[in-house]
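Undergrad: Structure file protein-v6.csv, CSV, C-alpha atoms and all ligand atoms, is pasted below:
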```csv
chain,number,residue,atom,x,y,z
A,1,MET,CA,116.8,99.0,85.0
A,2,THR,CA,118.3,101.0,87.9
A,3,THR,CA,115.9,101.3,90.9
A,4,LEU,CA,118.1,103.3,93.2
A,5,SER,CA,121.4,105.0,92.6
A,6,ALA,CA,123.6,107.4,94.5
A,7,THR,CA,126.7,109.4,93.6
A,8,GLY,CA,129.2,111.2,95.7
A,9,LEU,CA,127.5,110.7,99.0
A,10,ARG,CA,129.4,112.4,101.9
A,11,GLN,CA,128.5,112.5,105.5
A,12,ARG,CA,130.5,113.8,108.5
A,13,PHE,CA,129.7,113.6,112.2
A,14,GLY,CA,132.0,116.1,113.8
A,15,GLY,CA,135.5,114.9,113.0
A,16,VAL,CA,134.2,111.5,111.8
A,17,VAL,CA,133.9,110.9,108.0
A,18,ALA,CA,131.1,108.4,108.0
A,19,LEU,CA,130.6,108.5,104.2
A,20,ASP,CA,133.4,109.5,101.9
A,21,ASP,CA,132.3,110.0,98.3
A,22,VAL,CA,130.2,106.8,98.0
A,23,ASP,CA,128.7,105.7,94.7
A,24,LEU,CA,126.2,102.9,94.5
A,25,SER,CA,123.4,101.5,92.4
A,26,VAL,CA,120.8,98.8,92.8
A,27,ASP,CA,118.9,97.4,89.9
A,28,HIS,CA,115.4,95.9,89.6
A,29,GLY,CA,115.6,92.3,90.8
A,30,GLU,CA,119.2,92.6,92.1
A,31,VAL,CA,120.6,92.1,95.6
A,32,VAL,CA,123.5,94.4,96.5
A,33,ALA,CA,125.2,93.7,99.8
A,34,VAL,CA,127.2,96.3,101.7
A,35,ILE,CA,129.9,94.8,104.0
A,36,GLY,CA,132.7,96.2,106.1
A,37,PRO,CA,134.0,96.4,109.7
A,38,ASN,CA,132.0,98.0,112.5
A,39,GLY,CA,131.8,101.7,112.2
A,40,SER,CA,132.6,101.7,108.5
A,41,GLY,CA,129.5,103.7,107.6
A,42,LYS,CA,127.1,100.9,106.5
A,43,THR,CA,124.1,102.1,108.6
A,44,THR,CA,124.8,105.7,107.7
A,45,LEU,CA,124.7,104.8,104.0
A,46,LEU,CA,121.3,103.2,104.5
A,47,ASN,CA,120.1,106.2,106.5
A,48,ALA,CA,121.2,108.6,103.7
A,49,LEU,CA,119.5,106.5,101.1
A,50,THR,CA,116.2,106.2,102.9
A,51,GLY,CA,115.8,109.8,103.9
A,52,ILE,CA,116.5,109.3,107.6
A,53,LEU,CA,119.4,111.7,107.3
A,54,ARG,CA,120.2,114.3,104.7
A,55,PRO,CA,123.8,113.7,103.5
A,56,ASP,CA,126.2,116.7,103.4
A,57,ALA,CA,126.8,116.1,99.7
A,58,GLY,CA,125.8,113.8,96.9
A,59,ARG,CA,122.8,112.9,94.7
A,60,ILE,CA,120.3,110.1,95.1
A,61,GLU,CA,118.0,109.0,92.3
A,62,LEU,CA,115.0,106.7,92.5
A,63,MET,CA,113.8,105.3,89.1
A,64,GLY,CA,115.9,108.0,87.5
A,65,GLY,CA,114.3,110.9,89.4
A,66,ASP,CA,116.1,113.1,91.9
A,67,VAL,CA,115.1,112.2,95.5
A,68,THR,CA,118.2,113.7,97.2
A,69,ALA,CA,116.2,115.9,99.6
A,70,ALA,CA,113.1,113.6,99.9
A,71,PRO,CA,112.2,112.7,103.5
A,72,ALA,CA,111.6,109.1,104.6
A,73,PRO,CA,107.8,109.2,104.4
A,74,ARG,CA,107.8,110.4,100.8
A,75,LEU,CA,110.4,107.7,99.9
A,76,ALA,CA,108.2,105.1,101.6
A,77,ARG,CA,105.2,106.2,99.5
A,78,ARG,CA,107.4,105.7,96.4
A,79,GLY,CA,108.4,102.2,97.4
A,80,VAL,CA,111.6,102.6,99.4
A,81,VAL,CA,111.1,100.5,102.6
A,82,ARG,CA,113.6,99.4,105.2
A,83,THR,CA,114.2,97.6,108.4
A,84,PHE,CA,116.5,98.8,111.2
A,85,GLN,CA,119.5,97.2,112.8
A,86,ASP,CA,118.1,97.7,116.2
A,87,GLY,CA,114.5,96.6,115.3
A,88,ARG,CA,111.7,99.1,115.6
A,89,LEU,CA,108.4,97.4,116.4
A,90,LEU,CA,105.4,98.9,118.2
A,91,GLU,CA,105.7,96.8,121.3
A,92,SER,CA,102.2,97.1,122.7
A,93,LEU,CA,100.5,96.2,119.3
A,94,CYS,CA,99.9,92.7,117.9
A,95,ALA,CA,101.8,91.4,114.9
A,96,LEU,CA,99.0,92.2,112.5
A,97,ASP,CA,98.8,95.9,113.6
A,98,ASN,CA,102.5,96.2,113.3
A,99,VAL,CA,102.3,94.9,109.7
A,100,LEU,CA,99.3,97.2,109.0
A,101,VAL,CA,101.6,100.2,109.7
A,102,GLY,CA,103.6,99.2,106.6
A,103,LEU,CA,100.5,99.9,104.5
A,104,HIS,CA,100.1,103.4,105.8
A,105,ALA,CA,102.3,104.8,103.0
A,106,ASP,CA,100.7,102.6,100.3
A,107,PRO,CA,99.2,104.9,97.7
A,108,ARG,CA,96.2,102.6,97.2
A,109,ASP,CA,95.4,101.5,100.7
A,110,GLY,CA,97.2,103.9,102.9
A,111,ALA,CA,96.5,106.7,105.4
A,112,TRP,CA,92.9,107.9,105.8
A,113,ARG,CA,91.7,105.3,103.3
A,114,GLY,CA,92.0,102.7,106.0
A,115,TRP,CA,88.8,104.1,107.5
A,116,LEU,CA,86.8,103.0,104.5
A,117,PRO,CA,85.4,99.5,105.4
A,118,TRP,CA,86.3,97.9,102.1
A,119,VAL,CA,89.8,99.3,102.2
A,120,ALA,CA,90.1,98.1,105.8
A,121,ARG,CA,89.2,94.6,104.7
A,122,ARG,CA,91.6,94.7,101.9
A,123,ARG,CA,94.4,96.0,104.1
A,124,ARG,CA,93.8,93.3,106.6
A,125,GLY,CA,93.9,90.6,103.9
A,126,ARG,CA,97.2,92.0,102.6
A,127,ALA,CA,98.7,92.1,106.1
A,128,ILE,CA,97.6,88.5,106.9
A,129,ALA,CA,99.1,87.4,103.6
A,130,ALA,CA,102.4,89.2,104.5
A,131,LEU,CA,102.5,87.4,107.8
A,132,ASP,CA,101.7,84.1,106.1
A,133,ALA,CA,104.7,84.7,103.7
A,134,VAL,CA,107.0,85.0,106.7
A,135,GLY,CA,105.5,81.9,108.5
A,136,LEU,CA,103.6,83.8,111.2
A,137,ARG,CA,100.0,83.6,110.1
A,138,ASP,CA,99.0,81.8,113.2
A,139,ARG,CA,100.7,84.4,115.4
A,140,TRP,CA,98.8,87.4,113.9
A,141,SER,CA,97.1,88.3,117.2
A,142,ALA,CA,100.2,88.0,119.5
A,143,ARG,CA,101.6,91.1,121.0
A,144,VAL,CA,105.0,91.5,119.4
A,145,ALA,CA,106.6,91.9,122.9
A,146,VAL,CA,106.0,88.2,123.6
A,147,LEU,CA,107.4,86.9,120.3
A,148,SER,CA,110.9,85.5,120.0
A,149,HIS,CA,113.7,87.5,118.5
A,150,GLY,CA,113.5,85.6,115.2
A,151,GLN,CA,109.7,86.0,115.0
A,152,ARG,CA,110.0,89.8,115.7
A,153,ARG,CA,112.5,90.2,112.9
A,154,ARG,CA,110.1,88.3,110.6
A,155,VAL,CA,107.3,90.7,111.6
A,156,GLU,CA,109.6,93.6,110.6
A,157,LEU,CA,110.1,91.9,107.2
A,158,ALA,CA,106.4,91.4,106.8
A,159,ARG,CA,105.8,95.1,107.5
A,160,ALA,CA,108.5,96.0,105.0
A,161,LEU,CA,107.1,93.7,102.3
A,162,VAL,CA,103.4,94.2,102.8
A,163,ALA,CA,103.2,97.3,100.5
A,164,ASP,CA,105.0,95.6,97.6
A,165,PRO,CA,108.2,97.8,97.7
A,166,ARG,CA,110.4,98.7,94.8
A,167,ILE,CA,113.4,98.5,97.0
A,168,LEU,CA,113.9,96.6,100.2
A,169,VAL,CA,116.7,98.0,102.4
A,170,LEU,CA,117.8,95.7,105.2
A,171,ASP,CA,120.2,96.5,108.0
A,172,GLU,CA,121.7,93.3,109.4
A,173,PRO,CA,118.5,91.3,109.2
A,174,THR,CA,120.0,88.1,110.5
A,175,ALA,CA,121.8,89.5,113.5
A,176,GLY,CA,121.2,87.3,116.5
A,177,LEU,CA,119.0,84.8,114.7
A,178,THR,CA,119.1,81.0,115.0
A,179,PRO,CA,120.3,79.1,111.9
A,180,GLU,CA,116.6,78.2,111.0
A,181,ASP,CA,115.5,81.8,111.2
A,182,THR,CA,118.6,82.9,109.3
A,183,HIS,CA,117.7,80.6,106.5
A,184,ALA,CA,114.1,81.8,106.5
A,185,VAL,CA,115.3,85.4,106.1
A,186,ARG,CA,117.6,84.3,103.3
A,187,ASP,CA,114.7,82.7,101.5
A,188,LEU,CA,112.6,85.8,101.9
A,189,ILE,CA,115.3,87.9,100.4
A,190,VAL,CA,115.7,85.6,97.4
A,191,ALA,CA,111.9,85.4,96.9
A,192,ALA,CA,111.6,89.2,96.9
A,193,ARG,CA,114.5,89.5,94.5
A,194,ASN,CA,112.8,86.9,92.2
A,195,ARG,CA,109.7,89.1,92.2
A,196,GLY,CA,111.7,91.9,90.8
A,197,VAL,CA,112.3,93.8,94.1
A,198,ALA,CA,115.7,95.5,94.3
A,199,VAL,CA,117.4,94.6,97.6
A,200,LEU,CA,120.1,96.6,99.4
A,201,LEU,CA,121.4,94.5,102.3
A,202,VAL,CA,123.9,95.3,105.1
A,203,GLU,CA,124.9,91.9,106.5
A,204,HIS,CA,127.7,90.7,108.7
A,205,ASP,CA,127.0,87.0,108.0
A,206,LEU,CA,129.1,86.5,104.8
A,207,ASP,CA,127.6,83.0,104.2
A,208,ILE,CA,124.3,84.8,103.7
A,209,VAL,CA,126.0,87.5,101.6
A,210,GLY,CA,127.6,84.8,99.4
A,211,ALA,CA,124.2,83.0,99.1
A,212,VAL,CA,122.1,86.0,98.1
A,213,ALA,CA,124.2,88.9,96.8
A,214,ASP,CA,124.7,89.6,93.1
A,215,ARG,CA,127.1,92.4,93.8
A,216,ILE,CA,129.0,93.6,96.9
A,217,LEU,CA,130.3,97.0,98.0
A,218,VAL,CA,132.9,97.0,100.7
A,219,LEU,CA,133.2,100.0,103.0
A,220,ASP,CA,136.1,101.0,105.2
A,221,ALA,CA,136.1,104.2,107.2
A,222,GLY,CA,133.3,105.5,105.0
A,223,ALA,CA,135.0,104.9,101.7
A,224,VAL,CA,134.3,102.2,99.1
A,225,VAL,CA,137.4,100.1,99.1
A,226,ALA,CA,136.2,97.2,96.9
A,227,GLY,CA,133.2,96.4,94.9
A,228,GLY,CA,131.9,94.2,92.1
A,229,VAL,CA,130.5,90.7,91.4
A,230,ALA,CA,129.9,88.9,94.7
A,231,ARG,CA,132.0,85.9,94.1
A,232,SER,CA,135.1,87.8,93.2
A,233,VAL,CA,134.8,90.3,96.0
A,234,LEU,CA,134.4,87.5,98.6
A,235,ALA,CA,137.5,85.8,97.2
A,236,ASP,CA,139.6,89.0,97.5
A,237,ALA,CA,142.2,88.4,100.2
A,238,ARG,CA,142.2,92.1,101.2
A,239,VAL,CA,138.4,92.0,101.7
A,240,ARG,CA,138.6,88.8,103.7
A,241,HIS,CA,141.2,90.3,106.0
A,242,LEU,CA,139.2,93.5,106.4
A,243,CYS,CA,136.0,91.6,107.2
A,244,GLY,CA,137.7,89.2,109.6
A,245,MET,CA,137.3,86.1,107.4
A,246,ALA,CA,139.8,83.2,107.0
A,247,ALA,CA,141.9,83.2,103.9
A,248,VAL,CA,140.5,81.2,101.0
A,249,GLU,CA,142.3,77.8,100.8
A,250,GLN,CA,144.4,77.6,97.7
A,251,PRO,CA,144.3,74.2,96.0
A,252,ALA,CA,147.7,72.4,96.4
B,301,LIG,P1,128.3,100.6,110.7
B,301,LIG,O1,126.9,100.5,110.4
B,301,LIG,O2,129.2,100.3,109.5
B,301,LIG,O3,128.8,99.9,111.9
B,301,LIG,P2,127.7,103.5,111.2
B,301,LIG,O4,127.2,104.0,109.9
B,301,LIG,O5,126.8,103.2,112.3
B,301,LIG,O6,128.7,102.2,110.9
B,301,LIG,O7,128.8,104.5,111.8
B,301,LIG,C1,129.8,105.1,111.0
B,301,LIG,C2,130.6,106.1,111.8
B,301,LIG,O8,129.8,107.2,112.1
B,301,LIG,C3,131.0,105.6,113.2
B,301,LIG,O9,132.2,106.1,113.6
B,301,LIG,C4,129.9,106.1,114.1
B,301,LIG,O10,130.3,106.2,115.4
B,301,LIG,C5,129.5,107.4,113.5
B,301,LIG,N1,128.1,107.8,113.6
B,301,LIG,C6,127.1,107.2,113.1
B,301,LIG,N2,125.9,107.8,113.4
B,301,LIG,C7,126.3,108.9,114.1
B,301,LIG,C8,125.6,110.0,114.7
B,301,LIG,N3,124.2,110.1,114.6
B,301,LIG,N4,126.3,110.9,115.4
B,301,LIG,C9,127.6,110.9,115.5
B,301,LIG,N5,128.4,109.9,114.9
B,301,LIG,C10,127.7,108.9,114.2
B,302,MG,MG,125.4,99.4,111.4
```
Could you spell out this file's structure in C-alpha cells?

TA:
Amino acid sequence: MTTLSATGLRQRFGGVVALDDVDLSVDHGEVVAVIGPNGSGKTTLLNALTGILRPDAGRIELMGGDVTAAPAPRLARRGVVRTFQDGRLLESLCALDNVLVGLHADPRDGAWRGWLPWVARRRRGRAIAALDAVGLRDRWSARVAVLSHGQRRRVELARALVADPRILVLDEPTAGLTPEDTHAVRDLIVAARNRGVAVLLVEHDLDIVGAVADRILVLDAGAVVAGGVARSVLADARVRHLCGMAAVEQPA
C-alpha cells in the first residue's frame, strides 16, 4: 500500500532548478533512501513533500488523497513527521518537553487536550516511552542544550516517533554522529519500518543506506538519474562515481 507519492515535482529558486520533474513513492513498511551530491535537491524534495514549501508544479498524495497544497501542520496531523538536517530543538526546554511538542499534532492527545489532566498524564507516558525507545529515558529532565550531539539527534527522533507517524521523513539523521549513535539511529529506522511505518531517508552514509533502504532514488541537479532496488542502485558504477564512492571490486 502506498503511503506517500509524488509525481512531476518541480521547484526553481531563481535560476536554480532544485527539483526537475521528480516522481517518488514510499509504501507502508518500506524505507526509501534519497542520495546524491550536495546541492542535488534532496532537502528541497523533503521540504516539498512535508509542506514546508509549496512546489511550483507536481502532485503529492498521502494514502491516495491529494495533499499537494497542504501546509506542514495539517500533514503532521495526518501522520507526516520529519526531522531537519540542521536539527531543530527548543534549546531552553528539557528533553521531555521537546518530545511533548511532537504530540501537539496528535488527533487524540494533541493541542488543547493537553490541558485535560488525564490526557496530560497519557501524553507524558507516551513521551517517556518515546525517550525510552531512543535510550534517553534517564535524561528526560535534561535541558537539550546540555546534551551531546548524538543525544540531541535521538531526542529529535523521539519527537518524530512519539505520535506514531504514518511516514517518517529524515534529513541526514546520522550526520556528525559517532559510530555507536549511528548504529542506534539505524536500528530505530529498522524498528519503525518493521512496525509498518513508511520511511523516507536522505542520508550521505551509504553504509547506512545499504543497511536499511529497500529502494533508492538518486538525484543530480534536481533530476532523478537512477532509482530502484537498493542493492542494484548501490552497485551501479555511475551512481558510485556521482556519490563519491570507490568502485565495486570485481572478482578476478
Ligand atoms: P541537498 O539537500 O541535496 O544538498 P538542497 O535541496 O538543499 O540540496 O538544494 C538544492 C539547490 O537549491 C541548491 O543549489 C541550493 O543552493 C538551492 N536552494 C535550496 N533552498 C533554497 C532556497 N530557499 N533559496 C534559494 N536556493 C535554494
Ligand atoms: Mg540537504

Undergrad: Kindly compile the residues surrounding ligand LIG 301 (chain B) within 6 Å, counting all atoms listed in the file, and format them as a list in words.

TA: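 The neighbouring residues of ligand LIG 301 (chain B) are, in order, Phe13, Ala18, Asn38, Gly39, Ser40, Gly41, Lys42, Thr43 and Thr44 of chain A.
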
Undergrad: Which residues form the shell of 12 Å around ligand MG 302 (chain B) when you count all atoms listed in the file, given as a ChimeraX atom specification?

TA: /A:18,34-47,83-87,170-173,175,201-204,219,222

Undergrad: Using all atoms listed in the file, find each residue of stretch 47-89 of chain A with at least one atom at most 10 Å away from an atom of stretch 24-31 of chain A; report its shortest atom-to-atom pair and that distance in Å (one decimal), sort the rows by chain and rising residue number, and return the result as CSV.

TA:
```
residue,atom,partner,partner_atom,distance
A:Ile60,CA,A:Leu24,CA,9.3
A:Glu61,CA,A:Ser25,CA,9.2
A:Leu62,CA,A:Val26,CA,9.8
A:Met63,CA,A:Asp27,CA,9.4
```

Undergrad: Kindly indicate which residue among A:Val169, A:Leu9, A:Val32, A:Ala76 lies nearest to A:Val218, using only C-alpha atoms for the distances.

TA: A:Val32

Undergrad: Pick the closest to A:Trp140 from A:Leu161, A:Val185, A:Val80, A:Leu96: which is it, counting all atoms listed in the file?

TA: A:Leu96

Undergrad: Which is closest to A:Ile167 among A:Gly196, A:Gly135, A:Met245, A:Gly150, if we use all atoms listed in the file?

TA: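 For A:Ile167, the nearest of the candidates is A:Gly196.
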
Undergrad: Just how far from atom CA of A:Asp132 is atom CA of A:Asp187, in Å to one decimal?

TA: 13.9 Å

Undergrad: If you measure from atom CA of A:Thr7 to atom CA of A:Leu234, what distance in Å do you get, rounded to one decimal?

TA: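 Value for the atom CA of A:Thr7-atom CA of A:Leu234 distance: 23.7 Å.
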
Undergrad: Please determine, counting all atoms listed in the file, which residue among A:Leu19, A:Ala111, A:Ala130, A:Leu147 has the shortest atom-to-atom distance to A:Val225.

TA: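 Selected residue with least distance to A:Val225: A:Leu19.
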
Undergrad: Given the choices A:Ala163, A:Leu242, A:Ala184, A:Leu136, which gets closest to A:Val197 if the distance is worked out from all atoms listed in the file?

TA: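 Answer, going by the shortest atom-to-atom distance: A:Ala163.
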
Undergrad: For A:Ile208, which of A:Ala33, A:Ala105, A:Ala221, A:Val229 is the closest residue, counting only C-alpha atoms?

TA: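 Nearest candidate to A:Ile208 out of A:Ala33, A:Ala105, A:Ala221, A:Val229: A:Ala33.
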
Undergrad: How many Å lie between atom CA of A:Asp205 and atom CA of A:Thr174, rounded to one decimal?

TA: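 Separation between atom CA of A:Asp205 and atom CA of A:Thr174: 7.5 Å.
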
Undergrad: Any idea what's packed within 12 Å of A:Asp106, counting all atoms listed in the file, ignoring anything in its chain fewer than 5 positions away? Could you give it as a list in words?

TA: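 Here the answer would be Pro73, Arg74, Leu75, Ala76, Arg77, Arg78, Gly79, Val80, Val81, Leu100, Val101, Ala111, Trp112, Arg113, Gly114, Val119, Arg123, Arg126, Arg159, Ala160, Leu161, Val162, Ala163, Asp164, Pro165 and Arg166 of chain A.
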
Undergrad: Using the atoms already present, construct N, CA, C and O atoms for stretch 32-52 of chain A and hand them back as a PDB file, in the frame of the given file.

TA:
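selection04.pdb, freshly written:
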```
ATOM      1  N   VAL A  32     122.170  93.814  96.234  1.00  0.00           N
ATOM      2  CA  VAL A  32     123.500  94.400  96.500  1.00  0.00           C
ATOM      3  C   VAL A  32     123.747  94.387  97.954  1.00  0.00           C
ATOM      4  O   VAL A  32     122.920  94.865  98.743  1.00  0.00           O
ATOM      5  N   ALA A  33     124.872  93.797  98.350  1.00  0.00           N
ATOM      6  CA  ALA A  33     125.200  93.700  99.800  1.00  0.00           C
ATOM      7  C   ALA A  33     126.299  94.758 100.075  1.00  0.00           C
ATOM      8  O   ALA A  33     127.195  94.992  99.260  1.00  0.00           O
ATOM      9  N   VAL A  34     126.180  95.381 101.249  1.00  0.00           N
ATOM     10  CA  VAL A  34     127.200  96.300 101.700  1.00  0.00           C
ATOM     11  C   VAL A  34     127.847  95.646 102.943  1.00  0.00           C
ATOM     12  O   VAL A  34     127.154  95.301 103.913  1.00  0.00           O
ATOM     13  N   ILE A  35     129.164  95.430 102.876  1.00  0.00           N
ATOM     14  CA  ILE A  35     129.900  94.800 104.000  1.00  0.00           C
ATOM     15  C   ILE A  35     131.025  95.728 104.418  1.00  0.00           C
ATOM     16  O   ILE A  35     131.379  96.671 103.703  1.00  0.00           O
ATOM     17  N   GLY A  36     131.591  95.431 105.570  1.00  0.00           N
ATOM     18  CA  GLY A  36     132.700  96.200 106.100  1.00  0.00           C
ATOM     19  C   GLY A  36     132.727  96.153 107.589  1.00  0.00           C
ATOM     20  O   GLY A  36     131.745  95.744 108.211  1.00  0.00           O
ATOM     21  N   PRO A  37     133.849  96.541 108.203  1.00  0.00           N
ATOM     22  CA  PRO A  37     134.000  96.400 109.700  1.00  0.00           C
ATOM     23  C   PRO A  37     132.957  97.320 110.388  1.00  0.00           C
ATOM     24  O   PRO A  37     132.346  98.204 109.779  1.00  0.00           O
ATOM     25  N   ASN A  38     132.820  97.089 111.684  1.00  0.00           N
ATOM     26  CA  ASN A  38     132.000  98.000 112.500  1.00  0.00           C
ATOM     27  C   ASN A  38     132.418  99.393 112.389  1.00  0.00           C
ATOM     28  O   ASN A  38     133.615  99.672 112.417  1.00  0.00           O
ATOM     29  N   GLY A  39     131.448 100.290 112.255  1.00  0.00           N
ATOM     30  CA  GLY A  39     131.800 101.700 112.200  1.00  0.00           C
ATOM     31  C   GLY A  39     132.261 102.167 110.842  1.00  0.00           C
ATOM     32  O   GLY A  39     132.724 103.302 110.697  1.00  0.00           O
ATOM     33  N   SER A  40     132.123 101.313 109.817  1.00  0.00           N
ATOM     34  CA  SER A  40     132.600 101.700 108.500  1.00  0.00           C
ATOM     35  C   SER A  40     131.643 102.555 107.708  1.00  0.00           C
ATOM     36  O   SER A  40     131.960 103.010 106.613  1.00  0.00           O
ATOM     37  N   GLY A  41     130.433 102.753 108.235  1.00  0.00           N
ATOM     38  CA  GLY A  41     129.500 103.700 107.600  1.00  0.00           C
ATOM     39  C   GLY A  41     128.302 102.974 106.919  1.00  0.00           C
ATOM     40  O   GLY A  41     127.512 103.625 106.228  1.00  0.00           O
ATOM     41  N   LYS A  42     128.119 101.686 107.176  1.00  0.00           N
ATOM     42  CA  LYS A  42     127.100 100.900 106.500  1.00  0.00           C
ATOM     43  C   LYS A  42     125.670 101.463 106.842  1.00  0.00           C
ATOM     44  O   LYS A  42     124.845 101.734 105.966  1.00  0.00           O
ATOM     45  N   THR A  43     125.413 101.604 108.152  1.00  0.00           N
ATOM     46  CA  THR A  43     124.100 102.100 108.600  1.00  0.00           C
ATOM     47  C   THR A  43     123.895 103.542 108.123  1.00  0.00           C
ATOM     48  O   THR A  43     122.794 103.928 107.692  1.00  0.00           O
ATOM     49  N   THR A  44     124.952 104.344 108.199  1.00  0.00           N
ATOM     50  CA  THR A  44     124.800 105.700 107.700  1.00  0.00           C
ATOM     51  C   THR A  44     124.464 105.779 106.264  1.00  0.00           C
ATOM     52  O   THR A  44     123.637 106.607 105.851  1.00  0.00           O
ATOM     53  N   LEU A  45     125.047 104.883 105.474  1.00  0.00           N
ATOM     54  CA  LEU A  45     124.700 104.800 104.000  1.00  0.00           C
ATOM     55  C   LEU A  45     123.216 104.523 103.873  1.00  0.00           C
ATOM     56  O   LEU A  45     122.520 105.204 103.109  1.00  0.00           O
ATOM     57  N   LEU A  46     122.715 103.538 104.609  1.00  0.00           N
ATOM     58  CA  LEU A  46     121.300 103.200 104.500  1.00  0.00           C
ATOM     59  C   LEU A  46     120.426 104.385 104.971  1.00  0.00           C
ATOM     60  O   LEU A  46     119.389 104.680 104.368  1.00  0.00           O
ATOM     61  N   ASN A  47     120.859 105.069 106.031  1.00  0.00           N
ATOM     62  CA  ASN A  47     120.100 106.200 106.500  1.00  0.00           C
ATOM     63  C   ASN A  47     120.045 107.341 105.487  1.00  0.00           C
ATOM     64  O   ASN A  47     119.008 107.994 105.311  1.00  0.00           O
ATOM     65  N   ALA A  48     121.162 107.543 104.783  1.00  0.00           N
ATOM     66  CA  ALA A  48     121.200 108.600 103.700  1.00  0.00           C
ATOM     67  C   ALA A  48     120.261 108.206 102.585  1.00  0.00           C
ATOM     68  O   ALA A  48     119.529 109.043 102.057  1.00  0.00           O
ATOM     69  N   LEU A  49     120.264 106.928 102.228  1.00  0.00           N
ATOM     70  CA  LEU A  49     119.500 106.500 101.100  1.00  0.00           C
ATOM     71  C   LEU A  49     117.999 106.427 101.347  1.00  0.00           C
ATOM     72  O   LEU A  49     117.189 106.443 100.425  1.00  0.00           O
ATOM     73  N   THR A  50     117.610 106.319 102.625  1.00  0.00           N
ATOM     74  CA  THR A  50     116.200 106.200 102.900  1.00  0.00           C
ATOM     75  C   THR A  50     115.595 107.422 103.558  1.00  0.00           C
ATOM     76  O   THR A  50     114.508 107.387 104.116  1.00  0.00           O
ATOM     77  N   GLY A  51     116.324 108.536 103.479  1.00  0.00           N
ATOM     78  CA  GLY A  51     115.800 109.800 103.900  1.00  0.00           C
ATOM     79  C   GLY A  51     115.744 109.997 105.414  1.00  0.00           C
ATOM     80  O   GLY A  51     115.131 110.925 105.929  1.00  0.00           O
ATOM     81  N   ILE A  52     116.435 109.108 106.149  1.00  0.00           N
ATOM     82  CA  ILE A  52     116.500 109.300 107.600  1.00  0.00           C
ATOM     83  C   ILE A  52     117.468 110.396 107.936  1.00  0.00           C
ATOM     84  O   ILE A  52     117.290 111.126 108.896  1.00  0.00           O
TER      85      ILE A  52
END
```
